[in-house]
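Engineer: Take a look at structure_12.txt, compact mmCIF, C-alpha atoms:
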# COMPACT_ATOMS: atom_id res chain seq x y z
CA MET A 44 1.38 -16.10 26.45
CA TYR A 45 -0.35 -12.73 26.18
CA LEU A 46 1.89 -9.71 26.61
CA SER A 47 0.55 -6.74 28.56
CA SER A 48 0.89 -3.26 27.17
CA PRO A 49 3.39 -1.94 29.76
CA THR A 50 6.06 -4.16 28.14
CA VAL A 51 5.92 -1.93 25.03
CA SER A 52 7.00 1.68 25.45
CA GLY A 53 4.61 4.29 24.13
CA LEU A 54 1.65 1.87 23.78
CA THR A 55 -1.52 1.95 25.85
CA TRP A 56 -4.50 -0.34 25.46
CA ILE A 57 -7.73 1.54 25.95
CA ARG A 58 -9.96 -0.17 28.55
CA GLY A 59 -7.16 -2.37 29.84
CA ASP A 60 -4.75 -4.87 28.34
CA PHE A 61 -5.42 -6.70 25.10
CA ALA A 62 -7.54 -9.83 25.60
CA GLY A 63 -8.11 -11.25 22.11
CA THR A 64 -8.03 -15.00 21.59
CA ASN A 65 -8.03 -15.58 17.83
CA LYS A 66 -5.18 -16.55 15.50
CA ILE A 67 -5.70 -13.62 13.13
CA CYS A 68 -5.69 -9.92 13.96
CA ILE A 69 -6.52 -6.95 11.72
CA LEU A 70 -4.55 -3.79 12.52
CA ILE A 71 -6.12 -0.48 11.45
CA PRO A 72 -3.92 2.56 12.13
CA GLN A 73 -5.47 6.02 12.03
CA TYR A 74 -4.06 9.50 12.47
CA ASN A 75 -6.25 12.61 12.63
CA GLU A 76 -9.05 10.99 10.60
CA LYS A 77 -11.83 12.71 12.53
CA ASN A 78 -12.39 15.46 9.96
CA ARG A 79 -11.20 13.59 6.85
CA THR A 80 -13.75 10.80 6.81
CA ASN A 81 -17.26 9.97 7.94
CA PHE A 82 -15.70 8.96 11.24
CA THR A 83 -18.66 7.39 13.01
CA GLU A 84 -19.62 5.49 9.88
CA ARG A 85 -16.12 4.01 9.70
CA LEU A 86 -16.29 3.01 13.37
CA ASP A 87 -19.63 1.33 12.66
CA TYR A 88 -17.99 -0.58 9.82
CA PHE A 89 -15.16 -1.89 12.00
CA ARG A 90 -17.59 -2.80 14.77
CA ASN A 91 -19.66 -4.84 12.31
CA LEU A 92 -16.49 -6.40 10.87
CA ALA A 93 -15.37 -7.44 14.36
CA LEU A 94 -18.77 -8.90 15.21
CA GLN A 95 -19.03 -10.74 11.89
CA HIS A 96 -15.68 -12.48 12.43
CA SER A 97 -15.61 -12.60 16.24
CA ASP A 98 -14.87 -16.34 16.31
CA THR A 99 -11.84 -16.16 14.02
CA ILE A 100 -10.46 -12.60 13.79
CA ASP A 101 -9.72 -9.82 16.26
CA VAL A 102 -9.88 -6.19 15.09
CA VAL A 103 -7.60 -3.54 16.58
CA LEU A 104 -7.88 0.19 15.85
CA ILE A 105 -4.62 2.02 16.49
CA ASP A 106 -4.64 5.72 17.24
CA ASP A 107 -1.19 6.81 16.09
CA GLY A 108 -0.69 9.89 18.25
CA SER A 109 -3.58 11.88 16.78
CA THR A 110 -3.60 15.59 17.57
CA ASP A 111 -7.30 16.11 16.83
CA ASP A 112 -10.07 14.60 18.95
CA SER A 113 -10.08 11.24 17.10
CA LEU A 114 -9.12 9.24 20.19
CA ASP A 115 -11.77 10.98 22.31
CA GLU A 116 -14.35 10.11 19.68
CA ILE A 117 -13.22 6.48 19.66
CA ASN A 118 -13.38 6.38 23.47
CA SER A 119 -16.93 7.69 23.42
CA TYR A 120 -17.85 5.11 20.79
CA ILE A 121 -16.54 2.10 22.70
CA ASN A 122 -18.27 3.33 25.84
CA ILE A 123 -21.51 2.80 23.90
CA TRP A 124 -20.32 -0.38 22.16
CA PRO A 125 -17.84 -1.95 24.61
CA ASP A 126 -17.71 -5.41 23.00
CA CYS A 127 -16.72 -4.49 19.46
CA PHE A 128 -13.10 -3.86 18.45
CA PHE A 129 -9.97 -3.30 20.54
CA VAL A 130 -8.28 0.10 20.69
CA ALA A 131 -4.58 0.82 21.14
CA SER A 132 -3.10 4.29 21.60
CA VAL A 133 0.46 5.00 20.48
CA PHE A 134 2.15 8.20 21.62
CA PRO A 135 3.98 10.05 20.27
CA ASN A 136 3.11 9.50 16.62
CA GLY A 137 4.90 6.41 15.28
CA ASN A 138 4.73 7.40 11.61
CA LYS A 139 2.49 4.36 11.04
CA VAL A 140 5.37 1.84 10.93
CA GLY A 141 6.32 2.51 14.54
CA ALA A 142 2.70 2.18 15.64
CA LEU A 143 2.22 -1.10 13.76
CA HIS A 144 5.50 -2.43 15.15
CA ARG A 145 4.60 -1.63 18.76
CA VAL A 146 1.18 -3.24 18.51
CA THR A 147 2.51 -6.29 16.63
CA ILE A 148 5.01 -6.87 19.44
CA SER A 149 2.30 -6.70 22.08
CA ILE A 150 -0.23 -9.15 20.60
CA PRO A 151 0.00 -12.95 20.41
CA HIS A 152 -1.59 -13.68 17.04
CA GLU A 153 0.07 -15.89 14.43
CA PHE A 154 -1.18 -13.81 11.50
CA ILE A 155 -1.50 -10.05 11.06
CA VAL A 156 -3.77 -8.40 8.50
CA LEU A 157 -2.80 -4.83 7.64
CA SER A 158 -5.38 -2.40 6.31
CA ASP A 159 -6.33 1.30 6.31
CA PHE A 160 -9.03 3.30 8.04
CA ASP A 161 -10.76 4.09 4.73
CA THR A 162 -10.62 0.54 3.31
CA ASP A 163 -13.28 -2.17 3.42
CA LEU A 164 -12.28 -5.85 3.51
CA THR A 165 -14.49 -8.57 2.08
CA GLY A 166 -13.96 -12.31 1.64
CA LEU A 167 -11.99 -12.77 4.86
CA ASP A 168 -13.51 -16.24 5.34
CA SER A 169 -11.34 -17.30 2.40
CA LEU A 170 -8.26 -16.14 4.31
CA VAL A 171 -9.34 -18.04 7.42
CA SER A 172 -9.81 -21.24 5.41
CA GLN A 173 -6.20 -21.15 4.17
CA ILE A 174 -4.44 -20.37 7.43
CA ASP A 175 -3.69 -23.96 8.47
CA GLY A 176 -2.09 -24.82 5.14
CA TRP A 177 -0.14 -21.57 5.15
CA ARG A 178 1.35 -22.37 8.55
CA ASP A 179 3.17 -25.35 7.04
CA GLN A 180 5.01 -23.18 4.49
CA PRO A 181 7.76 -21.46 6.48
CA ASN A 182 9.16 -19.49 3.53
CA GLN A 183 5.87 -17.84 2.64
CA MET A 184 5.57 -14.49 4.39
CA GLY A 185 2.10 -13.45 3.35
CA PHE A 186 -0.90 -12.95 1.13
CA TYR A 187 -1.72 -9.74 -0.71
CA PHE A 188 -5.34 -8.98 -1.49
CA ARG A 189 -7.18 -7.76 -4.57
CA MET A 190 -7.07 -3.95 -4.41
CA ILE A 191 -10.08 -2.23 -5.99
CA PRO A 192 -10.94 1.50 -6.03
CA TYR A 193 -14.33 1.92 -4.40
CA GLU A 194 -17.10 4.51 -4.15
CA GLY A 195 -16.10 7.15 -6.65
CA VAL A 196 -17.18 8.92 -9.82
CA GLY A 197 -15.53 11.03 -12.50
CA SER A 198 -12.59 10.67 -14.85
CA ILE A 199 -9.94 10.59 -12.09
CA PHE A 200 -11.74 7.73 -10.36
CA GLN A 201 -12.18 5.86 -13.64
CA TYR A 202 -8.50 6.39 -14.41
CA GLN A 203 -7.58 4.74 -11.12
CA GLN A 204 -9.97 1.85 -11.73
CA LEU A 205 -8.09 1.07 -14.92
CA GLU A 206 -4.71 1.76 -13.32
CA TYR A 207 -5.34 -0.66 -10.44
CA CYS A 208 -6.64 -3.22 -12.92
CA LEU A 209 -3.43 -3.01 -14.98
CA ALA A 210 -1.32 -3.19 -11.81
CA ARG A 211 -3.09 -6.40 -10.79
CA MET A 212 -2.32 -7.89 -14.20
CA TRP A 213 1.36 -7.70 -13.28
CA TYR A 214 0.61 -10.29 -10.60
CA GLU A 215 0.46 -12.98 -13.26
CA TYR A 216 4.00 -12.06 -14.29
CA HIS A 217 5.27 -12.35 -10.71
CA ARG A 218 3.35 -15.53 -9.88
CA ALA A 219 6.14 -17.87 -11.08
CA ASP A 220 8.64 -16.33 -8.64
CA ALA A 221 6.06 -15.91 -5.84
CA THR A 222 7.09 -12.28 -5.47
CA VAL A 223 5.43 -8.90 -5.80
CA PRO A 224 6.93 -5.38 -5.60
CA VAL A 225 4.42 -4.24 -2.97
CA MET A 226 2.27 -6.07 -0.43
CA PRO A 227 -0.29 -3.24 -0.17
CA GLY A 228 -0.51 -1.72 3.27
CA ALA A 229 -4.25 -1.36 2.73
CA GLY A 230 -4.78 -5.07 2.16
CA CYS A 231 -2.37 -7.87 3.04
CA CYS A 232 -1.64 -10.53 5.66
CA TYR A 233 1.73 -11.44 7.19
CA LYS A 234 2.90 -14.12 9.55
CA ARG A 235 3.50 -12.21 12.75
CA GLU A 236 7.03 -13.44 13.44
CA ILE A 237 8.12 -12.61 9.89
CA LEU A 238 6.53 -9.17 10.09
CA LEU A 239 8.41 -8.48 13.32
CA SER A 240 11.71 -9.45 11.69
CA ILE A 241 10.90 -7.13 8.79
CA TYR A 242 10.07 -4.18 11.05
CA GLN A 243 13.41 -4.63 12.83
CA ASP A 244 15.15 -3.77 9.54
CA HIS A 245 12.67 -1.10 8.43
CA SER A 246 13.72 2.54 8.10
CA GLY A 247 10.47 3.64 9.75
CA LEU A 248 9.67 6.06 6.94
CA ARG A 249 6.00 6.44 6.06
CA ASN A 250 6.00 7.21 2.33
CA GLY A 251 6.71 3.71 1.03
CA GLU A 252 6.37 1.69 4.21
CA ASP A 253 4.59 -1.22 2.52
CA ARG A 254 6.99 -1.37 -0.45
CA GLU A 255 10.01 -1.30 1.85
CA ALA A 256 8.53 -4.01 4.08
CA THR A 257 7.89 -6.20 1.05
CA MET A 258 11.41 -5.77 -0.29
CA ILE A 259 12.95 -6.55 3.10
CA GLY A 260 10.91 -9.77 3.22
CA ILE A 261 12.01 -10.76 -0.29
CA ARG A 262 15.63 -9.98 0.64
CA LYS A 263 15.25 -12.35 3.60
CA GLY A 264 14.15 -15.11 1.21
CA TYR A 265 10.39 -15.09 1.81
CA SER A 266 7.73 -15.49 -0.87
CA THR A 267 4.28 -13.97 -1.38
CA VAL A 268 0.95 -15.22 -2.75
CA TYR A 269 -1.90 -13.33 -4.41
CA LEU A 270 -5.20 -14.06 -2.65
CA ASP A 271 -7.70 -12.62 -5.10
CA SER A 272 -10.70 -13.96 -3.17
CA VAL A 273 -10.13 -11.30 -0.48
CA LEU A 274 -10.99 -7.79 -1.68
CA ALA A 275 -9.55 -4.57 -0.28
CA LEU A 276 -11.97 -1.85 -1.35
CA THR A 277 -10.00 1.38 -1.10
CA ARG A 278 -11.32 4.91 -1.47
CA PRO A 279 -8.93 6.71 -3.84
CA PRO A 280 -8.39 10.45 -4.43
CA LEU A 281 -11.13 11.97 -6.60
CA THR A 282 -9.40 15.14 -7.80
CA TYR A 283 -6.31 15.68 -9.91
CA LYS A 284 -4.65 17.69 -7.13
CA ASP A 285 -5.20 15.01 -4.50
CA LEU A 286 -4.09 12.26 -6.88
CA VAL A 287 -0.82 14.02 -7.66
CA LYS A 288 -0.23 14.60 -3.94
CA GLN A 289 -0.75 10.89 -3.24
CA ARG A 290 1.55 9.84 -6.08
CA ILE A 291 4.31 12.17 -4.94
CA ARG A 292 4.26 10.36 -1.61
CA TRP A 293 4.13 6.92 -3.26
CA ASN A 294 6.95 7.73 -5.68
CA LEU A 295 9.07 9.22 -2.93
CA GLY A 296 8.53 5.98 -1.03
CA TYR A 297 9.70 4.00 -4.05
CA ILE A 298 12.88 6.10 -4.31
CA GLU A 299 13.55 5.76 -0.58
CA THR A 300 13.04 2.00 -0.72
CA VAL A 301 15.47 1.67 -3.64
CA PHE A 302 17.98 3.76 -1.70
CA PHE A 303 17.74 1.70 1.48
CA GLU A 304 17.46 -1.67 -0.29
CA ARG A 305 19.74 -0.92 -3.25
CA LYS A 306 21.86 -4.04 -2.69
CA ALA A 307 18.75 -6.22 -2.76
CA TYR A 308 17.50 -4.59 -5.98
CA LEU A 309 20.92 -5.00 -7.60
CA LYS A 310 20.96 -8.66 -6.62
CA GLU A 311 17.54 -9.18 -8.21
CA VAL A 312 18.72 -7.48 -11.42
CA LEU A 313 21.94 -9.49 -11.63
CA SER A 314 20.04 -12.72 -10.90
CA PHE A 315 17.66 -12.05 -13.81
CA THR A 316 14.60 -12.53 -11.60
CA ARG A 317 11.17 -11.18 -12.40
CA MET A 318 11.60 -8.67 -9.59
CA GLY A 319 14.82 -7.51 -11.21
CA SER A 320 13.28 -7.15 -14.65
CA ARG A 321 10.28 -5.35 -13.18
CA PHE A 322 12.63 -2.90 -11.49
CA LEU A 323 14.44 -2.21 -14.77
CA HIS A 324 11.04 -1.75 -16.45
CA ASP A 325 10.10 0.81 -13.78
CA VAL A 326 13.38 2.70 -14.24
CA LEU A 327 12.88 2.87 -18.00
CA TYR A 328 9.26 3.92 -17.52
CA VAL A 329 10.24 6.80 -15.23
CA LEU A 330 12.95 7.97 -17.62
CA VAL A 331 10.45 8.03 -20.49
CA LEU A 332 7.90 9.92 -18.37
CA LEU A 333 10.40 12.57 -17.34
CA THR A 334 11.81 13.10 -20.82
CA LEU A 335 8.58 12.86 -22.82
CA PRO A 336 7.55 16.51 -22.34
CA LEU A 337 11.01 17.58 -23.53
CA ILE A 338 10.80 15.23 -26.50
CA VAL A 339 7.41 16.63 -27.50
CA LEU A 340 8.64 20.21 -27.11
CA PHE A 341 11.79 19.54 -29.12
CA SER A 342 9.84 17.72 -31.83
CA SER A 343 7.26 20.47 -32.20
CA VAL A 344 10.03 23.04 -32.78
CA PHE A 345 12.80 21.17 -34.58
CA ALA A 346 11.43 17.83 -35.82
CA PRO A 347 7.66 17.87 -36.40
CA LYS A 348 7.76 14.45 -38.04
CA LEU A 349 8.94 12.96 -34.75
CA LEU A 350 5.55 13.85 -33.31
CA LEU A 351 4.10 11.16 -35.55
CA ALA A 352 6.25 8.58 -33.74
CA VAL A 353 5.06 9.92 -30.39
CA GLY A 354 1.45 9.68 -31.58
CA ALA A 355 2.02 6.15 -32.85
CA GLY A 356 3.46 5.20 -29.46
CA TYR A 357 0.40 6.67 -27.76
CA VAL A 358 -2.00 4.66 -29.91
CA GLY A 359 0.12 1.53 -29.52
CA TYR A 360 0.05 1.85 -25.73
CA SER A 361 -3.74 2.25 -25.77
CA LEU A 362 -4.11 -0.86 -27.96
CA TRP A 363 -1.82 -2.77 -25.59
CA ILE A 364 -4.09 -1.81 -22.68
CA LEU A 365 -7.13 -3.11 -24.56
CA PHE A 366 -5.29 -6.35 -25.30
CA LEU A 367 -4.48 -6.86 -21.60
CA LEU A 368 -8.08 -6.22 -20.61
CA ARG A 369 -9.20 -8.88 -23.05
CA ALA A 370 -6.45 -11.32 -22.07
CA LEU A 371 -7.21 -11.23 -18.32
CA PRO A 372 -10.94 -10.47 -18.05
CA ALA A 373 -11.13 -11.65 -14.41
CA GLU A 374 -9.14 -8.58 -13.35
CA ALA A 375 -11.30 -6.20 -15.38
CA VAL A 376 -14.78 -7.13 -14.16
CA GLU A 377 -15.39 -3.71 -12.56
CA LEU A 378 -14.69 -1.96 -15.87
CA LYS A 379 -18.15 -2.56 -17.22
CA LYS A 380 -18.42 0.12 -19.88
CA GLY A 381 -16.30 2.49 -21.91
CA MET A 382 -13.12 0.41 -22.11
CA LEU A 383 -12.09 1.98 -25.43
CA GLY A 384 -12.53 5.52 -24.15
CA ARG A 385 -10.70 4.76 -20.92
CA ALA A 386 -7.81 3.12 -22.77
CA LEU A 387 -7.44 6.12 -25.10
CA LEU A 388 -7.56 8.64 -22.25
CA PHE A 389 -5.41 6.65 -19.83
CA PRO A 390 -1.92 7.46 -21.27
CA ALA A 391 -2.62 11.20 -21.31
CA ILE A 392 -3.75 11.29 -17.66
CA LYS A 393 -0.84 9.07 -16.66
CA VAL A 394 1.71 11.40 -18.24
CA PHE A 395 0.18 14.50 -16.61
CA VAL A 396 -0.02 12.84 -13.19
CA GLU A 397 3.11 10.74 -13.05
CA SER A 398 5.60 13.06 -14.74
CA ARG A 399 4.76 15.79 -12.26
CA ALA A 400 4.70 13.35 -9.32
CA TRP A 401 8.02 11.68 -10.15
CA PHE A 402 9.77 14.99 -10.68
CA ALA A 403 8.49 16.34 -7.35
CA ALA A 404 9.34 13.10 -5.55
CA ALA A 405 12.90 13.07 -6.92
CA LEU A 406 13.35 16.72 -5.89
CA LYS A 407 12.04 15.98 -2.38
CA PHE A 408 14.40 13.02 -2.02
CA ILE A 409 17.46 14.95 -3.19
CA THR A 410 16.61 17.85 -0.87
CA ALA A 411 16.05 15.53 2.10
CA ARG A 412 19.32 13.66 1.49
CA GLY A 413 21.16 16.97 1.29
CA ARG A 414 19.78 18.05 4.66
CA SER A 415 20.61 14.64 6.16
CA SER A 416 24.20 14.82 4.90
CA ARG A 417 24.65 18.29 6.40
CA ARG A 418 23.28 17.12 9.77
CA ILE A 419 25.63 14.11 9.80
CA SER A 420 28.63 16.23 8.85
CA ASN A 421 27.82 18.52 11.78
CA GLY A 422 27.67 15.56 14.16
CA ASP A 423 23.87 15.39 14.34
CA ARG A 424 23.28 11.64 13.99
CA PHE A 425 19.74 10.44 13.72
Please express what this file holds, its structure, as structure tokens.
Structural biologist:
Amino acid sequence: MYLSSPTVSGLTWIRGDFAGTNKICILIPQYNEKNRTNFTERLDYFRNLALQHSDTIDVVLIDDGSTDDSLDEINSYINIWPDCFFVASVFPNGNKVGALHRVTISIPHEFIVLSDFDTDLTGLDSLVSQIDGWRDQPNQMGFYFRMIPYEGVGSIFQYQQLEYCLARMWYEYHRADATVPVMPGAGCCYKREILLSIYQDHSGLRNGEDREATMIGIRKGYSTVYLDSVLALTRPPLTYKDLVKQRIRWNLGYIETVFFERKAYLKEVLSFTRMGSRFLHDVLYVLVLLTLPLIVLFSSVFAPKLLLAVGAGYVGYSLWILFLLRALPAEAVELKKGMLGRALLFPAIKVFVESRAWFAAALKFITARGRSSRRISNGDRF
């Protein structure tokens, strides 16, 4: 049965109630994107995507309470192209999670693809071909797609190409447990009923919404599968400043997720699962990042010979990156040239980006928790 929009508070379907008929729906939230992207070009892309897969997939653009004229622009567009994608308006702003939750409640599809306004999806026919078999596996919550940085130049873009490549190589480690730390919000597919159960437990915070959703699903006993035949081509930050800003948000989301799902993380650690060992790896990694500048400063003043050990660690890490690229060439196909140079430069950029981003994220979290505690102590529950 198709639910009409009045049953969901704060949700309005533009041009009437939703009338899609397919089993799969792609949800594309956007907030104030009018001046941040080539807006009309992105609308053209989603129109073509909807037409290309009209027999199998519905496409829904969600305006999440935009305060610019994004929704007016979308309205004008669908007046010209009325039979392309569907448009839902959420008001007030749902912080992405709230918008996705409202729309997911109001549509009848079995499977929900989540993506971003600046991301292209290719290979969706592969997803369609696996839907029937997936339906018969009740404990599998979803597929996550192959994330690839797209349309960029320069050292920051090349850094992210290698970074995403190395992140995908972790998927082999998690394959045995059918888990993954993050089902990327820019490219994944959930069973609708499972996604709804996840959103019911979600904090609603935006920073790490996809990581938190994934961990809630794992806590509930669901598994995940890597579908590398579907590509999510994401447009990453191209400047150091923008990259650090993005990573502060991502790292703050990681900290928030650990805070809210700390019992689940502890259970994974005590059960010696791959998720648990990955979490311990991440904790150690962050500690090294945050203390490395102090170690280098101390060594340069009091123990110059220790700098040799730091240098040896740097070279060893670069060689390890080269080994991984050779060991899993399928995940490194977009790194056509300059692997040696990228591997040697990668650790330096990572330290400069991530040490600053983790420190800022930790400070933001501590400050926010302090404010929350004061509000609660004063009787201001939220």
Engineer: Pick out the closest residue to Glu84 of chain A from this set: A:Val51, A:Leu383, A:Asp163, A:Ala131. Count all atoms listed in the file.
Structural biologist: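 Of A:Val51, A:Leu383, A:Asp163, A:Ala131, the one nearest Glu84 of chain A, counting all atoms listed in the file, is A:Asp163.
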Engineer: What does the distance between atom CA of Gly319 of chain A and atom CA of Thr267 of chain A come to in Å, to one decimal place?
Structural biologist: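 We find that atom CA of Gly319 of chain A and atom CA of Thr267 of chain A lie 15.8 Å from each other.
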Engineer: Just to confirm, what's the straight-line distance from atom CA of Lys379 of chain A to atom CA of Cys231 of chain A in Å (one decimal)?
Structural biologist: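 Taking atom CA of Lys379 of chain A as the start and atom CA of Cys231 of chain A as the end point, the length is 26.2 Å.
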Engineer: Find the residues of segment 201-264 of chain A that sit at most 10 Å from segment 279-282 of chain A; for each, write down the nearest two atoms and how far apart they are in Å, to one decimal. Count all atoms listed in the file. Sort by chain, then by number going up, and give it as CSV.
Structural biologist:
residue,atom,partner,partner_atom,distance
A:Gln201,CA,A:Leu281,CA,9.4
A:Tyr202,CA,A:Leu281,CA,10.0
A:Gln203,CA,A:Pro279,CA,7.7
A:Gln204,CA,A:Pro279,CA,9.3
Engineer: Extract, using all atoms listed in the file, all DNA, RNA and protein residues at most 7 Å from segment 237-252 of chain A, discarding same-chain residues fewer than 3 positions from it, and format them as a PyMOL selection string.
Structural biologist: chain A and resi 138-141+144+184+233-234+255-256+259-260+292-293+295-297+300
Engineer: Check the smallest atom-to-atom distance from each of A:Ile191, A:Trp401, A:Lys393, A:Val326 to Val376 of chain A using only C-alpha atoms, then report the winner.
Structural biologist: A:Ile191
Engineer: So what do you get for atom CA of Ser172 of chain A versus atom CA of His152 of chain A, distance-wise?
Structural biologist: 16.1 Å
Engineer: Using all atoms listed in the file, which of the listed residues (A:Phe186, A:Leu205, A:Asn122, A:Thr316) sits closest to His217 of chain A?
Structural biologist: A:Thr316
Engineer: Excluding Phe82 of chain A and any residue of its chain fewer than 3 positions from it, enumerate the residues within 12 Å of it, using all atoms listed in the file, and give them as a list in words.
Structural biologist: Gln73, Tyr74, Asn75, Glu76, Lys77, Asn78, Arg79, Arg85, Leu86, Asp87, Tyr88, Phe89, Asp112, Ser113, Leu114, Asp115, Glu116, Ile117, Tyr120, Phe160 and Asp161 of chain A
Engineer: What would the file look like if the residues just selected were written as a compact mmCIF listing (two decimals), in the coordinates of the input with C-alpha atoms?
Structural biologist:
# COMPACT_ATOMS: atom_id res chain seq x y z
CA GLN A 73 -5.47 6.02 12.03
CA TYR A 74 -4.06 9.50 12.47
CA ASN A 75 -6.25 12.61 12.63
CA GLU A 76 -9.05 10.99 10.60
CA LYS A 77 -11.83 12.71 12.53
CA ASN A 78 -12.39 15.46 9.96
CA ARG A 79 -11.20 13.59 6.85
CA ARG A 85 -16.12 4.01 9.70
CA LEU A 86 -16.29 3.01 13.37
CA ASP A 87 -19.63 1.33 12.66
CA TYR A 88 -17.99 -0.58 9.82
CA PHE A 89 -15.16 -1.89 12.00
CA ASP A 112 -10.07 14.60 18.95
CA SER A 113 -10.08 11.24 17.10
CA LEU A 114 -9.12 9.24 20.19
CA ASP A 115 -11.77 10.98 22.31
CA GLU A 116 -14.35 10.11 19.68
CA ILE A 117 -13.22 6.48 19.66
CA TYR A 120 -17.85 5.11 20.79
CA PHE A 160 -9.03 3.30 8.04
CA ASP A 161 -10.76 4.09 4.73
Engineer: Set the distance at 10 Å and use all atoms listed in the file: which residues neighbour Pro125 of chain A once local chain neighbours fewer than 6 positions away are removed? I'd like the list as number ranges by chain.
Structural biologist: A: 58, 90, 118-119
Engineer: Using only C-alpha atoms, which residues sit within 12 Å of Pro227 of chain A once same-chain residues fewer than 2 positions away are excluded, as an MDAnalysis selection string?
Structural biologist: chainID A and resid 156:159 162 185:191 207 210:211 223:225 229:233 251:258 267 269 274:277 293
Engineer: Using all atoms listed in the file, which residue out of A:Trp56, A:Tyr265, A:Phe315, A:Tyr214 lies closest to Asn182 of chain A?
Structural biologist: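 Ranking A:Trp56, A:Tyr265, A:Phe315, A:Tyr214 by distance to Asn182 of chain A, first place goes to A:Tyr265.
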Engineer: Can you tell me, as a PyMOL selection string, what residues are no more than 12 Å from Leu330 of chain A when counting all atoms listed in the file, ignoring any on the same chain fewer than 3 positions away?
Structural biologist: chain A and resi 323-327+333-338+394+397-398+401-402+405
Engineer: Just need the box for segment 117-133 of chain A, edges along x, y and z, holding every atom the file lists for it with 6 Å tacked onto each side, so centre and edge lengths in Å to one decimal, as JSON.
Structural biologist:
{"center_x": -10.5, "center_y": 1.1, "center_z": 22.1, "size_x": 34.0, "size_y": 25.1, "size_z": 19.4}
Engineer: Which is closest to Leu167 of chain A among A:Asp285, A:Asp111, A:Glu194, A:Asp271, if we use only C-alpha atoms?
Structural biologist: A:Asp271
Engineer: A:Val146, A:Val196, A:Leu387, A:Met318: which is nearest Arg218 of chain A, counting all atoms listed in the file?
Structural biologist: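 Looking only at the distances to Arg218 of chain A, the closest residue turns out to be A:Met318.
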Engineer: Write segment 270-274 of chain A as a PDB file, in the coordinates of the input, completed to all heavy atoms.
Structural biologist:
ATOM      1  N   LEU A 270      -3.938 -13.476  -3.085  1.00  0.00           N
ATOM      2  CA  LEU A 270      -5.200 -14.060  -2.650  1.00  0.00           C
ATOM      3  C   LEU A 270      -6.325 -13.189  -3.191  1.00  0.00           C
ATOM      4  O   LEU A 270      -6.808 -12.270  -2.529  1.00  0.00           O
ATOM      5  CB  LEU A 270      -5.240 -14.123  -1.116  1.00  0.00           C
ATOM      6  CG  LEU A 270      -6.386 -14.922  -0.499  1.00  0.00           C
ATOM      7  CD1 LEU A 270      -6.353 -16.377  -0.944  1.00  0.00           C
ATOM      8  CD2 LEU A 270      -6.339 -14.840   1.018  1.00  0.00           C
ATOM      9  N   ASP A 271      -6.742 -13.489  -4.431  1.00  0.00           N
ATOM     10  CA  ASP A 271      -7.700 -12.620  -5.100  1.00  0.00           C
ATOM     11  C   ASP A 271      -9.127 -12.787  -4.597  1.00  0.00           C
ATOM     12  O   ASP A 271     -10.011 -12.012  -4.963  1.00  0.00           O
ATOM     13  CB  ASP A 271      -7.655 -12.830  -6.617  1.00  0.00           C
ATOM     14  CG  ASP A 271      -7.977 -14.259  -7.032  1.00  0.00           C
ATOM     15  OD1 ASP A 271      -8.197 -15.110  -6.140  1.00  0.00           O
ATOM     16  OD2 ASP A 271      -8.008 -14.534  -8.243  1.00  0.00           O
ATOM     17  N   SER A 272      -9.360 -13.774  -3.733  1.00  0.00           N
ATOM     18  CA  SER A 272     -10.700 -13.960  -3.170  1.00  0.00           C
ATOM     19  C   SER A 272     -10.976 -13.010  -2.011  1.00  0.00           C
ATOM     20  O   SER A 272     -12.116 -12.897  -1.562  1.00  0.00           O
ATOM     21  CB  SER A 272     -10.868 -15.413  -2.701  1.00  0.00           C
ATOM     22  OG  SER A 272      -9.835 -15.776  -1.798  1.00  0.00           O
ATOM     23  N   VAL A 273      -9.949 -12.334  -1.511  1.00  0.00           N
ATOM     24  CA  VAL A 273     -10.130 -11.300  -0.480  1.00  0.00           C
ATOM     25  C   VAL A 273      -9.984  -9.940  -1.154  1.00  0.00           C
ATOM     26  O   VAL A 273      -8.966  -9.655  -1.783  1.00  0.00           O
ATOM     27  CB  VAL A 273      -9.105 -11.441   0.654  1.00  0.00           C
ATOM     28  CG1 VAL A 273      -9.355 -10.361   1.712  1.00  0.00           C
ATOM     29  CG2 VAL A 273      -9.180 -12.822   1.295  1.00  0.00           C
ATOM     30  N   LEU A 274     -10.987  -9.094  -1.019  1.00  0.00           N
ATOM     31  CA  LEU A 274     -10.990  -7.790  -1.680  1.00  0.00           C
ATOM     32  C   LEU A 274     -10.691  -6.684  -0.663  1.00  0.00           C
ATOM     33  O   LEU A 274     -11.234  -6.681   0.444  1.00  0.00           O
ATOM     34  CB  LEU A 274     -12.346  -7.516  -2.324  1.00  0.00           C
ATOM     35  CG  LEU A 274     -12.913  -8.586  -3.260  1.00  0.00           C
ATOM     36  CD1 LEU A 274     -14.212  -8.086  -3.894  1.00  0.00           C
ATOM     37  CD2 LEU A 274     -11.914  -8.976  -4.326  1.00  0.00           C
TER      38      LEU A 274
END
